[in-house]
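This report concerns only the one structure given below.
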Amino acid sequence: MKLELSKVVQGRCRLGQLKEIGRMGQHSLDIPGCLLYTHLGSVPHLTQDTLHTLSSLPTATQVTLSNMLWDLKFVLIDPTGHTTNKTVSVWGSGGRTELTVAKFMALQRTVQPDWYQAMADGETWQTGTSRKRVRKSVDRSLAHLDECLMVHQKSQELDGVSVFGVVEGGDILEERLRSARETAKRPVAGFCLDGFQTGAMDQALRSQLIAAVTEELPEDKPRLLQGVGRPDEVLACVEAGVDLFEGFFPFQATERGCALCFRFDVTPDPESAGRARLTGVVKISGETQPNGDLNCDDQTHMTRFEMDLKDKRHQDDFRPLVEGCGCYCCRNHQRAYVHHLLVTNELLAGVLLMIHNTSHYHSFFRAVRDALANDKMDLLRRRVLGTVKE
Amino acid sequence: MSTVGGNMAAPITSEADGNIKENSMFLKKTLSAVPPLTLRIVAECPVTKARACDLTLPHSSVSTPVFMPVGTQGTLKGITADQLEGLGCQICLGNTYHLGMRPGPELIEKANGLHGFMNWRRNLLTDSGGFQMVSLVELSEVTEEGVKFKSPYDGKEILLSPEKSISIQNSLGSDIMMQLDDVVSSTVKGPRVEEAMHRSIRWLDRCIAANKHPDKQNLFAIIQGGLDAELRKACLDEMTKRDVPGFAIGGLSGGEEKDDFWRMVTLSTDHLPREKPRYLMGVGYAVDLVVCVALGCDMFDCVFPTRTARFGSALVPWGSLQVKQKQYAKDFQPIDPDCQCPTCKRHSRAYLHALFKSDTAAMHHITIHNIAYQLTLMRSVRQSIVEGRFPEFIRTFMKRMFPSPDQYPGWAVEALTSVNVTLE
């Protein structure tokens, strides 16, 4: 894995490409970017045909361990691209499983992802986690990392596979710095920043801590942030030095029956005047699961970046979800139809919304890269928040 | 081969007096008289009563025998219009009752009909709403006026009359509409069956009169009469006097005995006009399809393949496969190694088994496979009729489906014998 930066803003915010990903080293990923979120290697609701209506998907697909933990003896994946394994909590569909490093590594050797993050202790997201507990999570994570690396080096099956170290530390600056420095000493390919998920702390603190952490990390290795997906938080974290994000946000919106509709156009474009206005209720996203991991009963609240298609006002609205959006859903269907599908509890609602939300979100990341390249981050931020005057 | 249908005028010949203007006016008249349905019989099985036809409808042509998947609420349960088209589906169903309730005919009309609302380019068939009212809803009363029932959404009393049903279906803009019939369960006996049969005839006439778009929407009659041969025959005699573009055989595929079922089907096809399509409603199990094609039916619909898919049941030539069962957890074959559908080309039973625990897409994969199975089955049936080897096809099909001849369903053996096909 090789990180090639084409631009660095204010010494922190980076634009570039992550190259030579994969066991054969043949793939690359633009950064800032996000991973393709999946359940067991499959984007929720989508089969290959519906997935491939989406152009320019990220080459890296994320598979969470909790989906696979129902049976540790073997794991079944039809490869859809590259897989990144997260160390997730040990809650699988069958309940709680205790994962030792040995078991964890056995899983990695079976799955043979292109890259995975070492097993870590990230249970510091609850408010009021004691200093002692936070310290323990840092110590444990380092110990796990060392053990993982040891096993990794001895495992032929993991030849060519990259390992990411996990930076812990809760909301305590010293522990964050300690974790970052120590993890950076190990021969890892990149870093996962854990314990920062939406709900664990406010963005101001998050930005502060991430900026401090990335200061301690080598410039030439990628940083992946877990559990953060809201567009405004993404922007702030990019500016704090994050390269990669998880792609669960579109899925969360889909499960709420909502369509992402926030704007991210920064080029002066007369056509954009016809675009959908933000109609979301201003209610900030609440709880997520530990480690930002999701199950199907996720109860996050609707954000200002989306519209609730179950709302009666969309009943006879024959416009696409978002004007100008080129996704399959917006090219072929209207709000009235998706509204109907939601009201009647039809499965197709999930399919269409997932297509649109995934498309919208990944286009947003493209806009982030463009804005970085053209020094338009400030405008982008205001556009995303809806504070630009027309 | 014969070309039949409606009021097709004779082709223009060059022995006409050479007046171009007169010819083109004649052509215009011919075109405007083209009916919204034509049936061309491509082949007839010399042994059984099976036919292979080309059915031309306003949105596209349909090859029969055909299985029509059911997209109840304006969607085929998790499958996009593109995916459905990609599977080769040329016609599917929408339900007047459901769509009439939500989102309602006015909205759908605003959306350019059900085709526009769903964005489906090919053909649509809508039923009248009659069956749902019997099967789903608290029935208040059936009178000569129509069927009174309570809406499950707001408790209001609604009257579904022949006129109302056709009005909704006109708004939906389907290519084939079904008359409102007085539906009686096939297990009911006695005078109610006769009453319903006669009323269905009267309602047919009211439906015909109420159709605002006879030039674009085809209204099919539905033969009733329960399991009584006399009543069926009487219904057939009367309804075939009406000039409708097609006939459905209704009132079967309920809880009746299969022995009675097939006899009513074959009686009906005996007395239905050759040159109009025969639609057997609610039939979709593979064996039933093959046998009823042999008995002379052209069109079928059923929720079974798509419904059973969502429970993890995949249809295969040798029966069905319950993907969620433990035995498939480590089975890395596709559902059917010979199947060309997107699911079988890409995924294993083991993967689908695992996926059922974590994502709805698992249902979609099986739905796609099951629709592909049904459509492929009908395509093979058609091909065998065209190539004059349908009886052989039936024998091969049955052998594959059942482990041994003594497991062949008795009714199927009898039914096939009645059309000169002997199984082992």
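Residues in the structure tokens are numbered from 1 in each chain, the chains being A, B, ... in the order shown, and ligands are numbered from 1 in the order shown.
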Residues of range 177-372 of chain A in alpha helix (DSSP H), written as a PyMOL selection string
chain A and resi 177-185+203-216+231-240+249-255+328-332+335-343+348-372
Report as a count of residues only all protein, DNA and RNA residues lying within 8 Å of range 235-252 of chain A, evaluated on only C-alpha atoms, omitting residues in the same chain fewer than 4 positions from it.
40
With 8 Å as the cut-off and only C-alpha atoms counted, what is the closest atom pair between each nearby residue of chain B and chain A? Distances in Å to one decimal, ordered by chain and number, as CSV.
```
residue,atom,partner,partner_atom,distance
B:Gln73,CA,A:Thr344,CA,7.7
B:Thr75,CA,A:Leu348,CA,7.1
B:Leu76,CA,A:Leu348,CA,7.8
B:Lys77,CA,A:Leu347,CA,5.5
B:Gly78,CA,A:Leu348,CA,4.1
B:Ile79,CA,A:Leu348,CA,6.3
B:Thr80,CA,A:Leu348,CA,7.1
B:Gln83,CA,A:Asp49,CA,7.3
B:Arg102,CA,A:His340,CA,7.4
B:Pro103,CA,A:His340,CA,6.5
B:Leu107,CA,A:Asp316,CA,6.8
B:Ala111,CA,A:Phe318,CA,7.3
B:Phe117,CA,A:Tyr337,CA,6.3
B:Met118,CA,A:Tyr337,CA,7.1
B:Asn119,CA,A:Asn332,CA,6.7
B:His347,CA,A:Asp78,CA,7.2
B:Ala350,CA,A:Leu76,CA,7.2
B:Tyr351,CA,A:Leu76,CA,6.1
B:Ala354,CA,A:Leu76,CA,7.5
B:Leu355,CA,A:Leu40,CA,6.8
B:Lys357,CA,A:Ser93,CA,7.6
B:Ser358,CA,A:His39,CA,6.3
B:Asp359,CA,A:Pro44,CA,5.9
B:Thr360,CA,A:His45,CA,5.3
B:Ala361,CA,A:His45,CA,4.4
B:His364,CA,A:Thr47,CA,7.2
B:His365,CA,A:Thr47,CA,6.8
```
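Picture a line from CA of Cys45 in chain B to CA of Asp260 in chain B; it runs 24.1 Å.
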Determine, counting only C-alpha atoms, which protein, DNA and RNA residues have an atom within 12 Å of an atom of range 168-173 of chain B; residues of the same chain fewer than 5 positions away are not included. Present the result as an MDAnalysis selection string.
chainID B and resid 58:59 73:74 93:118 120 123:129 160:163 178:180 207:208 210:219
For range 121-125 of chain A, please output as a list in words all residues within 8 Å (counting only C-alpha atoms; exclusion window: fewer than 5 positions along the same chain).
Arg133, Val134, Ser137, Val138, Arg140, Ser141, Glu168, Gly169, Gly170, Asp194, Gly195, Phe196, Gln197, Ala200, Met201, Pro290 and Asn291 of chain A
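The interatomic distance for the pair CA of Phe300 in chain B and CA of Thr396 in chain B works out to 21.6 Å.
Taking only C-alpha atoms into account, Ser63 in chain B lies nearest to B:Gly88 out of the set B:Gly410, B:Gly88, B:Pro305, B:Pro334.
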As a PyMOL selection string, please: every residue in range 299-390 of chain B that DSSP puts in strand (DSSP E).
chain B and resi 299-301+313-316+319-322
Output file for the residues above (N, CA and C atoms, as a JSON list (two decimals), in the first residue's frame):
```json
[["chain", "number", "residue", "atom", "x", "y", "z"],
["B", 299, "MET", "N", -52.30, -18.35, -20.63],
["B", 299, "MET", "CA", -51.75, -17.35, -19.71],
["B", 299, "MET", "C", -52.02, -17.77, -18.28],
["B", 300, "PHE", "N", -51.04, -17.46, -17.42],
["B", 300, "PHE", "CA", -51.13, -17.84, -16.01],
["B", 300, "PHE", "C", -50.56, -16.73, -15.13],
["B", 301, "ASP", "N", -51.06, -16.66, -13.88],
["B", 301, "ASP", "CA", -50.46, -15.75, -12.90],
["B", 301, "ASP", "C", -50.50, -16.44, -11.54],
["B", 313, "SER", "N", -37.24, -20.08, -0.34],
["B", 313, "SER", "CA", -37.50, -21.29, -1.11],
["B", 313, "SER", "C", -37.23, -21.05, -2.59],
["B", 314, "ALA", "N", -36.23, -21.75, -3.12],
["B", 314, "ALA", "CA", -35.85, -21.56, -4.51],
["B", 314, "ALA", "C", -36.45, -22.68, -5.35],
["B", 315, "LEU", "N", -37.07, -22.33, -6.47],
["B", 315, "LEU", "CA", -37.71, -23.33, -7.33],
["B", 315, "LEU", "C", -36.70, -23.92, -8.30],
["B", 316, "VAL", "N", -36.72, -25.22, -8.42],
["B", 316, "VAL", "CA", -35.78, -25.92, -9.29],
["B", 316, "VAL", "C", -36.52, -27.02, -10.03],
["B", 319, "GLY", "N", -38.03, -29.71, -7.94],
["B", 319, "GLY", "CA", -38.87, -29.34, -6.81],
["B", 319, "GLY", "C", -38.49, -27.99, -6.26],
["B", 320, "SER", "N", -38.06, -27.98, -5.00],
["B", 320, "SER", "CA", -37.62, -26.72, -4.44],
["B", 320, "SER", "C", -36.52, -26.96, -3.42],
["B", 321, "LEU", "N", -35.83, -25.90, -3.11],
["B", 321, "LEU", "CA", -34.63, -25.97, -2.30],
["B", 321, "LEU", "C", -34.79, -24.90, -1.22],
["B", 322, "GLN", "N", -34.76, -25.31, 0.04],
["B", 322, "GLN", "CA", -34.92, -24.31, 1.11],
["B", 322, "GLN", "C", -33.56, -23.80, 1.54]]
```
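With only C-alpha atoms as the atoms that count, the residue of A:Val234, A:Val151, A:Leu177, A:Ala259 with the shortest distance to His314 in chain A is A:Ala259.
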Counting only C-alpha atoms, the residue among B:Val287, B:Arg263, B:Pro405, B:Lys399 that lies closest to Leu377 in chain B is B:Val287
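Separating CA of Leu57 in chain A from CA of Asp159 in chain A is a distance of 26.2 Å.
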Within 7 Å of Arg122 in chain B using only C-alpha atoms, minus same-chain residues under 3 positions, as a PyMOL selection string:
chain B and resi 59-60+90-91
What's around Cys327 in chain A at 9 Å? Count only C-alpha atoms, leave out sequence neighbours fewer than 6 positions away in its own chain, and write the answer as a PDB file with N, CA and C atoms, in the first residue's frame.
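Result file is out.pdb:
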```pdb
ATOM      1  N   THR A  53     -25.709  -0.311 -11.192  1.00  0.00           N
ATOM      2  CA  THR A  53     -26.275   0.900 -11.790  1.00  0.00           C
ATOM      3  C   THR A  53     -25.470   2.095 -11.286  1.00  0.00           C
ATOM      4  N   LEU A  54     -24.666   1.857 -10.260  1.00  0.00           N
ATOM      5  CA  LEU A  54     -23.846   2.927  -9.692  1.00  0.00           C
ATOM      6  C   LEU A  54     -22.500   2.940 -10.391  1.00  0.00           C
ATOM      7  N   SER A  55     -22.163   4.093 -10.918  1.00  0.00           N
ATOM      8  CA  SER A  55     -20.845   4.192 -11.545  1.00  0.00           C
ATOM      9  C   SER A  55     -19.870   4.667 -10.487  1.00  0.00           C
ATOM     10  N   ILE A 355     -29.709   2.773  -3.547  1.00  0.00           N
ATOM     11  CA  ILE A 355     -29.027   3.203  -4.770  1.00  0.00           C
ATOM     12  C   ILE A 355     -28.808   4.709  -4.739  1.00  0.00           C
ATOM     13  N   HIS A 356     -29.872   5.446  -4.470  1.00  0.00           N
ATOM     14  CA  HIS A 356     -29.743   6.901  -4.489  1.00  0.00           C
ATOM     15  C   HIS A 356     -28.786   7.404  -3.411  1.00  0.00           C
ATOM     16  N   SER A 359     -25.198   6.657  -4.181  1.00  0.00           N
ATOM     17  CA  SER A 359     -24.734   7.514  -5.261  1.00  0.00           C
ATOM     18  C   SER A 359     -24.486   8.934  -4.764  1.00  0.00           C
ATOM     19  N   HIS A 360     -25.427   9.449  -4.033  1.00  0.00           N
ATOM     20  CA  HIS A 360     -25.330  10.827  -3.540  1.00  0.00           C
ATOM     21  C   HIS A 360     -24.106  10.995  -2.640  1.00  0.00           C
TER      22      HIS A 360
END
```
